[in-house]
$ cat model.csv   # CSV, C-alpha atoms (C1' of nucleotides)
chain,number,residue,atom,x,y,z
A,1,MET,CA,0.4,-15.7,13.1
A,2,ALA,CA,3.7,-16.8,13.8
A,3,VAL,CA,5.5,-13.6,14.1
A,4,GLU,CA,9.0,-13.9,15.3
A,5,ALA,CA,11.4,-12.9,12.7
A,6,SER,CA,14.4,-13.4,15.0
A,7,THR,CA,16.9,-10.6,15.1
A,8,ARG,CA,15.0,-8.9,17.8
A,9,GLN,CA,17.4,-8.5,20.5
A,10,ASP,CA,14.8,-7.5,22.8
A,11,THR,CA,13.9,-4.2,24.4
A,12,HIS,CA,10.6,-5.9,24.4
A,13,THR,CA,10.0,-8.7,26.7
A,14,GLU,CA,8.9,-11.5,24.5
A,15,SER,CA,5.2,-11.6,24.8
A,16,ALA,CA,3.3,-14.6,23.6
A,17,ASP,CA,2.9,-14.3,19.9
A,18,GLY,CA,0.3,-12.1,18.4
A,19,GLU,CA,0.4,-9.7,21.3
A,20,MET,CA,1.9,-6.4,20.5
A,21,PRO,CA,3.3,-4.6,23.5
A,22,VAL,CA,2.8,-1.0,23.9
A,23,PRO,CA,6.1,0.7,23.0
A,24,ALA,CA,7.7,2.2,26.0
A,25,MET,CA,7.7,5.6,24.5
A,26,PHE,CA,3.9,5.7,24.1
A,27,ARG,CA,3.0,4.0,27.3
A,28,ASN,CA,2.2,7.2,29.1
A,29,LEU,CA,0.6,9.1,26.3
A,30,ILE,CA,-3.2,9.5,26.5
A,31,GLY,CA,-3.4,10.3,22.8
A,32,TYR,CA,-1.9,6.9,21.9
A,33,HIS,CA,-4.2,4.9,24.1
A,34,LEU,CA,-7.2,6.9,22.9
A,35,ARG,CA,-6.4,6.2,19.3
A,36,VAL,CA,-5.7,2.5,19.8
A,37,ALA,CA,-8.8,1.9,21.9
A,38,GLN,CA,-11.0,3.7,19.5
A,39,GLU,CA,-9.6,2.0,16.4
A,40,THR,CA,-9.7,-1.5,17.8
A,41,SER,CA,-13.2,-1.2,19.2
A,42,PHE,CA,-14.5,0.4,16.0
A,43,GLN,CA,-13.0,-2.4,14.0
A,44,ALA,CA,-14.7,-4.9,16.1
A,45,PHE,CA,-18.0,-3.2,15.5
A,46,ALA,CA,-17.3,-2.9,11.8
A,47,ARG,CA,-16.6,-6.6,11.6
A,48,ALA,CA,-19.7,-7.5,13.4
A,49,ALA,CA,-21.8,-5.2,11.2
A,50,GLY,CA,-20.0,-6.3,8.1
A,51,LYS,CA,-20.9,-9.9,8.6
A,52,ALA,CA,-24.5,-8.9,8.1
A,53,ASP,CA,-23.5,-6.7,5.2
A,54,LEU,CA,-24.3,-3.6,7.2
A,55,LYS,CA,-22.1,-0.6,7.0
A,56,PRO,CA,-21.1,0.8,10.4
A,57,GLY,CA,-20.7,4.2,8.8
A,58,TRP,CA,-24.5,4.2,8.2
A,59,TYR,CA,-25.4,3.7,11.8
A,60,ALA,CA,-25.0,7.3,12.9
A,61,LEU,CA,-26.9,8.7,9.9
A,62,LEU,CA,-29.8,6.3,10.2
A,63,THR,CA,-30.0,6.7,14.0
A,64,VAL,CA,-30.1,10.5,13.8
A,65,LEU,CA,-32.7,10.2,11.0
A,66,ALA,CA,-34.7,7.8,13.1
A,67,GLU,CA,-35.3,10.5,15.6
A,68,ARG,CA,-36.6,13.1,13.3
A,69,GLU,CA,-39.1,13.1,10.5
A,70,SER,CA,-36.7,14.5,8.0
A,71,MET,CA,-33.5,16.5,7.7
A,72,THR,CA,-31.4,18.2,5.1
A,73,PRO,CA,-27.8,16.9,4.5
A,74,SER,CA,-26.4,20.0,6.1
A,75,GLU,CA,-28.4,19.5,9.3
A,76,LEU,CA,-27.3,15.9,9.3
A,77,SER,CA,-23.7,16.8,8.9
A,78,ARG,CA,-23.9,19.3,11.7
A,79,ILE,CA,-25.5,16.8,14.1
A,80,CYS,CA,-23.2,14.0,13.1
A,81,GLY,CA,-20.2,16.2,13.3
A,82,ARG,CA,-19.0,15.4,9.8
A,83,ASP,CA,-18.1,17.6,7.0
A,84,ARG,CA,-21.0,18.1,4.5
A,85,SER,CA,-18.9,16.7,1.6
A,86,THR,CA,-18.5,13.5,3.5
A,87,LEU,CA,-22.2,12.8,3.4
A,88,THR,CA,-22.7,13.0,-0.3
A,89,SER,CA,-21.5,9.5,-1.1
A,90,SER,CA,-23.1,8.0,2.0
A,91,LEU,CA,-26.5,9.5,1.2
A,92,LYS,CA,-26.1,8.3,-2.4
A,93,ALA,CA,-25.5,4.8,-1.2
A,94,LEU,CA,-28.4,4.8,1.3
A,95,SER,CA,-30.7,6.2,-1.3
A,96,HIS,CA,-29.6,3.8,-3.9
A,97,ARG,CA,-30.4,0.9,-1.5
A,98,GLY,CA,-33.8,2.3,-0.6
A,99,LEU,CA,-33.0,3.1,3.0
A,100,ILE,CA,-33.7,6.8,2.7
A,101,GLU,CA,-35.8,8.9,0.4
A,102,ARG,CA,-35.1,12.3,-0.9
A,103,GLN,CA,-37.7,15.0,-1.1
A,104,SER,CA,-36.9,18.2,-2.9
A,105,ASN,CA,-37.7,21.4,-1.1
A,106,PRO,CA,-40.3,23.5,-3.0
A,107,ASP,CA,-39.0,26.6,-1.3
A,108,ASP,CA,-35.4,26.2,-2.2
A,109,GLN,CA,-34.3,24.4,-5.3
A,110,ARG,CA,-30.8,23.9,-4.0
A,111,SER,CA,-31.9,21.9,-1.0
A,112,TYR,CA,-33.7,18.7,-0.3
A,113,SER,CA,-34.5,16.6,2.7
A,114,VAL,CA,-34.0,13.0,3.5
A,115,ARG,CA,-36.2,10.7,5.4
A,116,LEU,CA,-36.0,7.1,6.5
A,117,THR,CA,-37.9,4.5,4.5
A,118,GLU,CA,-39.3,1.4,6.2
A,119,ASN,CA,-36.3,-0.6,5.1
A,120,GLY,CA,-34.1,2.2,6.5
A,121,ARG,CA,-35.8,1.9,9.8
A,122,ARG,CA,-35.3,-1.8,9.9
A,123,MET,CA,-31.7,-1.4,9.0
A,124,GLN,CA,-31.2,1.1,11.7
A,125,GLU,CA,-32.7,-1.3,14.2
A,126,GLN,CA,-30.4,-4.1,13.1
A,127,LEU,CA,-27.3,-1.8,13.4
A,128,HIS,CA,-28.5,-0.5,16.7
A,129,ALA,CA,-28.8,-4.1,18.0
A,130,ILE,CA,-25.2,-4.6,17.1
A,131,ALA,CA,-24.1,-1.3,18.6
A,132,VAL,CA,-25.9,-2.2,21.8
A,133,VAL,CA,-24.0,-5.4,22.1
A,134,TYR,CA,-20.7,-3.7,21.7
A,135,ASN,CA,-21.5,-0.9,24.1
A,136,ARG,CA,-22.5,-3.5,26.6
A,137,ARG,CA,-19.1,-5.1,26.2
A,138,LEU,CA,-17.5,-1.6,26.6
A,139,ASP,CA,-19.6,-1.1,29.7
A,140,GLU,CA,-18.3,-4.4,31.2
A,141,ILE,CA,-14.7,-3.5,30.4
A,142,ALA,CA,-15.1,-0.1,32.0
A,143,GLY,CA,-16.9,-1.4,35.0
A,144,LYS,CA,-17.1,1.0,37.8
A,145,ASP,CA,-14.9,3.5,35.9
A,146,LYS,CA,-17.6,4.1,33.2
A,147,ALA,CA,-18.7,7.4,34.6
A,148,VAL,CA,-15.2,8.7,35.0
A,149,LEU,CA,-14.3,7.5,31.5
A,150,ILE,CA,-17.3,9.2,29.9
A,151,ALA,CA,-16.7,12.4,31.8
A,152,VAL,CA,-13.0,12.6,30.8
A,153,LEU,CA,-13.8,11.8,27.1
A,154,GLY,CA,-16.5,14.4,27.2
A,155,ARG,CA,-14.0,17.0,28.5
A,156,ILE,CA,-11.6,16.0,25.8
A,157,ALA,CA,-14.2,16.4,23.0
A,158,ALA,CA,-15.4,19.7,24.5
A,159,THR,CA,-11.8,21.1,24.7
A,160,PHE,CA,-10.6,20.1,21.3
A,161,GLY,CA,-13.9,20.1,19.5
A,162,THR,CA,-14.4,23.8,20.2
A,163,PRO,CA,-11.6,25.7,18.7
A,164,GLN,CA,-11.2,28.4,21.2
A,165,HIS,CA,-9.3,31.2,19.8
A,166,SER,CA,-8.8,32.3,16.3
B,1,MET,CA,-18.3,2.4,18.1
B,2,ALA,CA,-19.6,4.0,15.2
B,3,VAL,CA,-22.0,6.2,16.7
B,4,GLU,CA,-20.7,9.6,16.5
B,5,ALA,CA,-22.3,12.8,16.3
B,6,SER,CA,-22.3,16.3,17.3
B,7,THR,CA,-20.0,18.2,19.5
B,8,ARG,CA,-18.5,20.0,16.8
B,9,GLN,CA,-18.8,23.6,16.1
B,10,ASP,CA,-19.8,24.8,12.8
B,11,THR,CA,-20.8,28.1,11.6
B,12,HIS,CA,-22.8,27.8,14.7
B,13,THR,CA,-26.3,28.7,14.8
B,14,GLU,CA,-25.5,29.8,18.2
B,15,SER,CA,-28.8,30.9,19.4
B,16,ALA,CA,-30.6,30.2,22.6
B,17,ASP,CA,-29.6,26.6,22.8
B,18,GLY,CA,-26.0,27.4,23.0
B,19,GLU,CA,-24.1,24.4,21.7
B,20,MET,CA,-25.2,21.2,20.1
B,21,PRO,CA,-25.8,18.8,22.9
B,22,VAL,CA,-24.9,15.2,22.7
B,23,PRO,CA,-28.0,13.4,21.3
B,24,ALA,CA,-29.9,11.7,24.1
B,25,MET,CA,-29.6,8.4,22.4
B,26,PHE,CA,-25.8,8.5,22.4
B,27,ARG,CA,-25.2,10.1,25.8
B,28,ASN,CA,-24.6,6.9,27.6
B,29,LEU,CA,-22.6,5.1,25.0
B,30,ILE,CA,-18.9,4.7,25.6
B,31,GLY,CA,-18.3,4.0,21.9
B,32,TYR,CA,-19.7,7.4,21.0
B,33,HIS,CA,-17.7,9.4,23.4
B,34,LEU,CA,-14.6,7.4,22.5
B,35,ARG,CA,-15.0,8.2,18.9
B,36,VAL,CA,-15.7,11.9,19.3
B,37,ALA,CA,-12.9,12.4,21.8
B,38,GLN,CA,-10.4,10.6,19.6
B,39,GLU,CA,-11.4,12.4,16.4
B,40,THR,CA,-11.5,15.9,17.8
B,41,SER,CA,-8.2,15.6,19.7
B,42,PHE,CA,-6.4,13.9,16.7
B,43,GLN,CA,-7.7,16.6,14.4
B,44,ALA,CA,-6.3,19.2,16.7
B,45,PHE,CA,-3.0,17.5,16.6
B,46,ALA,CA,-3.2,17.2,12.8
B,47,ARG,CA,-3.9,20.9,12.4
B,48,ALA,CA,-1.0,21.8,14.6
B,49,ALA,CA,1.3,19.5,12.7
B,50,GLY,CA,-0.1,20.5,9.3
B,51,LYS,CA,0.8,24.1,9.9
B,52,ALA,CA,4.4,23.0,9.9
B,53,ASP,CA,3.7,20.8,6.9
B,54,LEU,CA,4.2,17.7,9.0
B,55,LYS,CA,2.0,14.7,8.5
B,56,PRO,CA,0.7,13.4,11.8
B,57,GLY,CA,0.5,9.9,10.3
B,58,TRP,CA,4.3,9.9,10.2
B,59,TYR,CA,4.8,10.5,13.8
B,60,ALA,CA,4.3,6.9,15.0
B,61,LEU,CA,6.5,5.5,12.3
B,62,LEU,CA,9.3,7.9,12.8
B,63,THR,CA,9.1,7.6,16.6
B,64,VAL,CA,9.3,3.8,16.5
B,65,LEU,CA,12.1,4.0,14.1
B,66,ALA,CA,13.9,6.5,16.3
B,67,GLU,CA,14.2,3.9,19.0
B,68,ARG,CA,15.7,1.1,16.9
B,69,GLU,CA,18.6,1.1,14.5
B,70,SER,CA,16.4,-0.3,11.7
B,71,MET,CA,13.3,-2.4,11.1
B,72,THR,CA,11.5,-4.1,8.4
B,73,PRO,CA,8.1,-2.9,7.3
B,74,SER,CA,6.5,-5.9,8.8
B,75,GLU,CA,8.0,-5.3,12.2
B,76,LEU,CA,6.9,-1.7,12.0
B,77,SER,CA,3.4,-2.6,11.1
B,78,ARG,CA,3.2,-5.0,14.0
B,79,ILE,CA,4.6,-2.5,16.5
B,80,CYS,CA,2.4,0.3,15.2
B,81,GLY,CA,-0.6,-1.9,15.1
B,82,ARG,CA,-1.3,-1.1,11.4
B,83,ASP,CA,-1.8,-3.4,8.5
B,84,ARG,CA,1.3,-4.0,6.5
B,85,SER,CA,-0.4,-2.8,3.3
B,86,THR,CA,-1.0,0.5,5.0
B,87,LEU,CA,2.7,1.2,5.4
B,88,THR,CA,3.6,0.9,1.8
B,89,SER,CA,2.5,4.4,0.7
B,90,SER,CA,3.7,6.0,3.9
B,91,LEU,CA,7.2,4.5,3.6
B,92,LYS,CA,7.2,5.5,0.0
B,93,ALA,CA,6.5,9.1,1.0
B,94,LEU,CA,9.0,9.1,3.8
B,95,SER,CA,11.6,7.7,1.6
B,96,HIS,CA,10.8,10.1,-1.2
B,97,ARG,CA,11.3,13.0,1.2
B,98,GLY,CA,14.6,11.6,2.5
B,99,LEU,CA,13.4,10.9,6.0
B,100,ILE,CA,14.1,7.3,5.9
B,101,GLU,CA,16.5,5.0,4.0
B,102,ARG,CA,15.9,1.6,2.7
B,103,GLN,CA,18.5,-1.1,2.9
B,104,SER,CA,18.0,-4.4,1.2
B,105,ASN,CA,18.5,-7.5,3.2
B,106,PRO,CA,21.3,-9.6,1.8
B,107,ASP,CA,19.9,-12.7,3.4
B,108,ASP,CA,16.4,-12.3,2.0
B,109,GLN,CA,15.7,-10.6,-1.3
B,110,ARG,CA,12.1,-10.1,-0.5
B,111,SER,CA,12.8,-8.0,2.5
B,112,TYR,CA,14.4,-4.8,3.4
B,113,SER,CA,14.9,-2.6,6.4
B,114,VAL,CA,14.3,1.1,6.9
B,115,ARG,CA,16.3,3.4,9.0
B,116,LEU,CA,15.9,7.1,9.9
B,117,THR,CA,18.1,9.6,8.2
B,118,GLU,CA,19.3,12.7,9.9
B,119,ASN,CA,16.4,14.7,8.4
B,120,GLY,CA,14.1,11.9,9.5
B,121,ARG,CA,15.4,12.3,13.1
B,122,ARG,CA,14.8,16.1,12.9
B,123,MET,CA,11.3,15.6,11.6
B,124,GLN,CA,10.6,13.1,14.4
B,125,GLU,CA,11.8,15.6,16.9
B,126,GLN,CA,9.6,18.3,15.5
B,127,LEU,CA,6.5,16.1,15.5
B,128,HIS,CA,7.4,14.9,19.0
B,129,ALA,CA,7.4,18.4,20.3
B,130,ILE,CA,3.9,18.9,18.9
B,131,ALA,CA,2.8,15.6,20.3
B,132,VAL,CA,4.1,16.5,23.7
B,133,VAL,CA,2.1,19.7,23.8
B,134,TYR,CA,-1.1,17.9,22.9
B,135,ASN,CA,-0.5,15.1,25.4
B,136,ARG,CA,0.2,17.7,28.0
B,137,ARG,CA,-3.2,19.2,27.3
B,138,LEU,CA,-4.7,15.8,27.5
B,139,ASP,CA,-3.0,15.2,30.8
B,140,GLU,CA,-4.4,18.4,32.2
B,141,ILE,CA,-7.9,17.5,31.0
B,142,ALA,CA,-7.7,14.1,32.5
B,143,GLY,CA,-6.2,15.4,35.7
B,144,LYS,CA,-6.3,12.9,38.5
B,145,ASP,CA,-8.2,10.5,36.3
B,146,LYS,CA,-5.3,9.9,33.9
B,147,ALA,CA,-4.3,6.6,35.4
B,148,VAL,CA,-7.9,5.3,35.3
B,149,LEU,CA,-8.3,6.6,31.8
B,150,ILE,CA,-5.2,4.9,30.5
B,151,ALA,CA,-6.1,1.7,32.3
B,152,VAL,CA,-9.6,1.5,30.8
B,153,LEU,CA,-8.4,2.4,27.3
B,154,GLY,CA,-5.8,-0.3,27.6
B,155,ARG,CA,-8.3,-2.9,28.6
B,156,ILE,CA,-10.5,-1.8,25.6
B,157,ALA,CA,-7.6,-2.1,23.2
B,158,ALA,CA,-6.6,-5.5,24.7
B,159,THR,CA,-10.1,-6.9,24.5
B,160,PHE,CA,-11.0,-5.8,21.0
B,161,GLY,CA,-7.5,-5.7,19.6
B,162,THR,CA,-6.9,-9.4,20.1
B,163,PRO,CA,-9.4,-11.0,17.9
B,164,GLN,CA,-9.6,-14.7,18.6
B,165,HIS,CA,-8.7,-15.3,15.0
B,166,SER,CA,-11.2,-17.8,13.8
C,1,DG,C1',-34.1,44.9,-11.5
C,2,DC,C1',-29.6,43.4,-10.9
C,3,DA,C1',-25.0,42.7,-9.5
C,4,DA,C1',-22.7,41.0,-5.3
C,5,DG,C1',-22.5,37.9,-1.7
C,6,DA,C1',-24.2,33.9,1.0
C,7,DT,C1',-25.7,29.2,1.1
C,8,DA,C1',-26.8,24.0,-0.4
C,9,DG,C1',-24.9,20.4,-2.2
C,10,DT,C1',-21.3,18.1,-5.1
C,11,DT,C1',-16.8,17.2,-6.8
C,12,DT,C1',-12.1,16.5,-6.4
C,13,DG,C1',-7.8,15.5,-4.1
C,14,DA,C1',-4.9,14.1,-0.2
C,15,DC,C1',-4.7,10.8,3.7
C,16,DA,C1',-5.7,6.7,6.3
C,17,DT,C1',-7.4,2.2,7.3
C,18,DC,C1',-8.3,-2.7,6.4
C,19,DA,C1',-8.8,-6.9,3.7
C,20,DA,C1',-8.0,-9.7,-0.3
C,21,DA,C1',-5.4,-10.7,-4.2
C,22,DT,C1',-0.6,-10.6,-6.5
C,23,DT,C1',4.2,-11.1,-7.1
C,24,DA,C1',8.5,-12.5,-5.8
C,25,DC,C1',11.3,-15.1,-3.1
C,26,DC,C1',12.5,-18.5,0.6
C,27,DT,C1',12.0,-23.0,3.0
C,28,DT,C1',10.3,-27.6,3.4
C,29,DG,C1',9.6,-32.3,2.4
C,30,DC,C1',10.3,-35.9,-0.2
D,1,DG,C1',16.5,-31.1,-7.1
D,2,DC,C1',12.0,-29.7,-7.3
D,3,DA,C1',7.3,-29.1,-6.4
D,4,DA,C1',4.4,-27.3,-2.5
D,5,DG,C1',3.6,-24.2,0.8
D,6,DG,C1',4.9,-20.1,3.6
D,7,DT,C1',6.4,-15.3,3.9
D,8,DA,C1',7.5,-10.1,2.6
D,9,DA,C1',5.9,-6.5,0.4
D,10,DT,C1',2.9,-4.4,-2.9
D,11,DT,C1',-1.3,-3.5,-5.4
D,12,DT,C1',-6.1,-2.9,-5.6
D,13,DG,C1',-10.6,-1.8,-3.9
D,14,DA,C1',-13.9,-0.3,-0.4
D,15,DT,C1',-14.8,3.1,3.4
D,16,DG,C1',-14.2,7.1,5.6
D,17,DT,C1',-12.4,11.8,6.7
D,18,DC,C1',-11.4,16.8,5.8
D,19,DA,C1',-10.6,20.8,3.0
D,20,DA,C1',-10.9,23.5,-1.0
D,21,DA,C1',-12.9,24.4,-5.4
D,22,DC,C1',-17.0,24.5,-8.1
D,23,DT,C1',-22.1,24.9,-9.6
D,24,DA,C1',-26.5,26.3,-8.8
D,25,DT,C1',-29.7,28.9,-6.4
D,26,DC,C1',-31.3,32.2,-3.1
D,27,DT,C1',-30.9,36.8,-0.7
D,28,DT,C1',-29.2,41.4,-0.2
D,29,DG,C1',-28.4,46.1,-1.1
D,30,DC,C1',-28.8,49.7,-3.9
$ encode --input "model.csv" --output "structure tokens"
Amino acid sequence: MAVEASTRQDTHTESADGEMPVPAMFRNLIGYHLRVAQETSFQAFARAAGKADLKPGWYALLTVLAERESMTPSELSRICGRDRSTLTSSLKALSHRGLIERQSNPDDQRSYSVRLTENGRRMQEQLHAIAVVYNRRLDEIAGKDKAVLIAVLGRIAATFGTPQHS
Amino acid sequence: MAVEASTRQDTHTESADGEMPVPAMFRNLIGYHLRVAQETSFQAFARAAGKADLKPGWYALLTVLAERESMTPSELSRICGRDRSTLTSSLKALSHRGLIERQSNPDDQRSYSVRLTENGRRMQEQLHAIAVVYNRRLDEIAGKDKAVLIAVLGRIAATFGTPQHS
DNA sequence: GCAAGATAGTTTGACATCAAATTACCTTGC
DNA sequence: GCAAGGTAATTTGATGTCAAACTATCTTGC
């Protein structure tokens, strides 16, 4: 993509086109690298999934459901770490496509539970196959540092994911 | 990758189990840990910024602008690694709040450049102060593994971030 | 019983992100 | 010069996220 608009009196050593150098100011910030790494790898997964018309956002839901007979939306949201309101449209789409079934709860009219259908299970397996490939690539990239990487990321999630204090 | 789940508190059902463990199926997936770590830490930053009515999404833009006299939206999008269309509304908001100024380019009527105003520079400094605190916490969490972490994240971004454009 | 409060799920609104389509303008090739 | 193609920015549409407000229903406390 051609890039190069001229008028860039440097500060950046001209990298071959397409490549965007990490701005000096961010080079030492973990948060920056974390965000970029997550976004780019997720996009790669999304593209691969999208080619088969599979929505990457469904993967976590279907995978969690594949491990349990059935769950309520609230349980799902807790396990997936997403706000309950986030699930409404996803469950609607999944249900509409016949990947999950809803069963109303006779003991509580407010609630219902969702369960994978056969098609849902197949979809989960397809998405899982794609996820496995990408995690394999990530493993290769991490190499011998994988354990350290996972340990540090786990500490980050534990620290920020558990609002300590008020 | 898209697998993300758990590790988030909630009106915890804190009983014997303590906290929601990482589902076994995801425990060894880098993509999962990457996603959770990024989301939780970013949200912590967002909350801190939000308390001062600062939008975390502005930080990267303002910071990049703070290092150069002026830039076009396209240059900004390249350096920030975001799609050009993503910037339109952000720049509109920043401009509307008087944090940046637009200057039309006399040589090209299609283009314009943006520049920080004094208020924009102050806003950048406020956000930067918040970002520094969070990156310091991240540094503490990473400890001696910081260099390895940044190296691996950089390799991930480089691998997935440079799609061999078909 | 019945009012008050808690809980399940949905709706709405503000942000972000990308990709594809649009509009306006510039550059080129002949 | 003028049509054809490229480029800058915007618009539109699909996903995805959270938080807050809202509806419906269940539970409680008296």
$ axis_aligned_box --input "model.csv" --around "segment 13-22 of chain C" --padding-each-side "6 Å" --output "JSON"
{"center_x": -4.7, "center_y": 2.4, "center_z": 0.4, "size_x": 20.2, "size_y": 38.2, "size_z": 25.8}
$ calpha_fit_rmsd --input "model.csv" --fixed "chain A" --moving "chain B"
5.8 Å
$ atom_distance --input "model.csv" --atom1 "atom CA of Lys146 of chain B" --atom2 "atom CA of Phe45 of chain B"
19.0 Å
$ closest_atom_pairs --input "model.csv" --of "chain B" --to "chain C" --cutoff "10 Å" --atoms "all atoms listed in the file" --output "JSON lines"
{"residue": "B:Lys55", "atom": "CA", "partner": "C:DC15", "partner_atom": "C1'", "distance": 9.1}
{"residue": "B:Gly57", "atom": "CA", "partner": "C:DA16", "partner_atom": "C1'", "distance": 8.0}
{"residue": "B:Arg82", "atom": "CA", "partner": "C:DT17", "partner_atom": "C1'", "distance": 8.1}
{"residue": "B:Asp83", "atom": "CA", "partner": "C:DC18", "partner_atom": "C1'", "distance": 6.9}
{"residue": "B:Arg84", "atom": "CA", "partner": "C:DC18", "partner_atom": "C1'", "distance": 9.7}
{"residue": "B:Ser85", "atom": "CA", "partner": "C:DC18", "partner_atom": "C1'", "distance": 8.5}
{"residue": "B:Thr86", "atom": "CA", "partner": "C:DT17", "partner_atom": "C1'", "distance": 7.0}
{"residue": "B:Ser90", "atom": "CA", "partner": "C:DC15", "partner_atom": "C1'", "distance": 9.7}
{"residue": "B:Asp107", "atom": "CA", "partner": "C:DC26", "partner_atom": "C1'", "distance": 9.8}
{"residue": "B:Asp108", "atom": "CA", "partner": "C:DC26", "partner_atom": "C1'", "distance": 7.5}
{"residue": "B:Gln109", "atom": "CA", "partner": "C:DC25", "partner_atom": "C1'", "distance": 6.5}
{"residue": "B:Arg110", "atom": "CA", "partner": "C:DC25", "partner_atom": "C1'", "distance": 5.7}
{"residue": "B:Ser111", "atom": "CA", "partner": "C:DC25", "partner_atom": "C1'", "distance": 9.2}
$ interface_residues --input "model.csv" --of "chain B" --to "chain D" --cutoff "12 Å" --atoms "only C-alpha atoms (C1' of nucleotides)" --output "list in words"
Ala2, Glu39, Thr40, Phe42, Gln43, Ala46, Arg47, Thr72, Pro73, Ser74, Glu75, Ser77, Asp83, Arg84, Ser85, Thr86, Leu87, Thr88, Ser89, Leu91, Lys92, Asn105, Asp108, Gln109, Arg110, Ser111, Tyr112 and Ser113 of chain B
$ atom_distance --input "model.csv" --atom1 "atom CA of Phe26 of chain B" --atom2 "atom CA of Gln103 of chain A"
27.1 Å
$ atom_distance --input "model.csv" --atom1 "atom CA of Ala60 of chain B" --atom2 "atom CA of Cys80 of chain A"
28.5 Å
$ closest_atom_pairs --input "model.csv" --of "chain A" --to "chain B" --cutoff "7 Å" --atoms "only C-alpha atoms" --output "CSV"
residue,atom,partner,partner_atom,distance
A:Met20,CA,B:Ile79,CA,6.2
A:Leu29,CA,B:Asn135,CA,6.2
A:Ile30,CA,B:Asn135,CA,6.3
A:Gly31,CA,B:Asn135,CA,6.2
A:His33,CA,B:Leu153,CA,5.8
A:Leu34,CA,B:Gln38,CA,5.9
A:Arg35,CA,B:Gln38,CA,6.0
A:Val36,CA,B:Ala157,CA,6.0
A:Ala37,CA,B:Ala157,CA,4.4
A:Gln38,CA,B:Leu34,CA,6.0
A:Thr40,CA,B:Gly161,CA,5.1
A:Ser41,CA,B:Phe160,CA,5.4
A:Phe42,CA,B:Met1,CA,4.8
A:Ala44,CA,B:Phe160,CA,6.2
A:Phe45,CA,B:Met1,CA,6.2
A:Pro56,CA,B:Ala2,CA,6.0
A:Gly57,CA,B:Ala2,CA,6.5
A:Tyr59,CA,B:Val3,CA,6.5
A:Ala60,CA,B:Val3,CA,5.0
A:Arg78,CA,B:Ser6,CA,6.6
A:Ile79,CA,B:Ser6,CA,4.6
A:Cys80,CA,B:Ala5,CA,3.5
A:Gly81,CA,B:Ser6,CA,4.5
A:Ala131,CA,B:Met1,CA,6.9
A:Asn135,CA,B:Leu29,CA,6.2
A:Leu138,CA,B:Ile30,CA,6.5
A:Ile141,CA,B:Ile156,CA,6.6
A:Ala142,CA,B:Val152,CA,5.9
A:Leu149,CA,B:Leu149,CA,6.1
A:Ile150,CA,B:Ile30,CA,6.4
A:Val152,CA,B:Ala142,CA,5.8
A:Leu153,CA,B:Ala37,CA,5.4
A:Gly154,CA,B:His33,CA,6.4
A:Arg155,CA,B:Ile141,CA,6.6
A:Ile156,CA,B:Ala37,CA,5.5
A:Ala157,CA,B:Ala37,CA,4.4
A:Ala158,CA,B:Thr7,CA,7.0
A:Phe160,CA,B:Ser41,CA,5.3
A:Gly161,CA,B:Thr40,CA,5.1
A:Thr162,CA,B:Gln9,CA,6.0
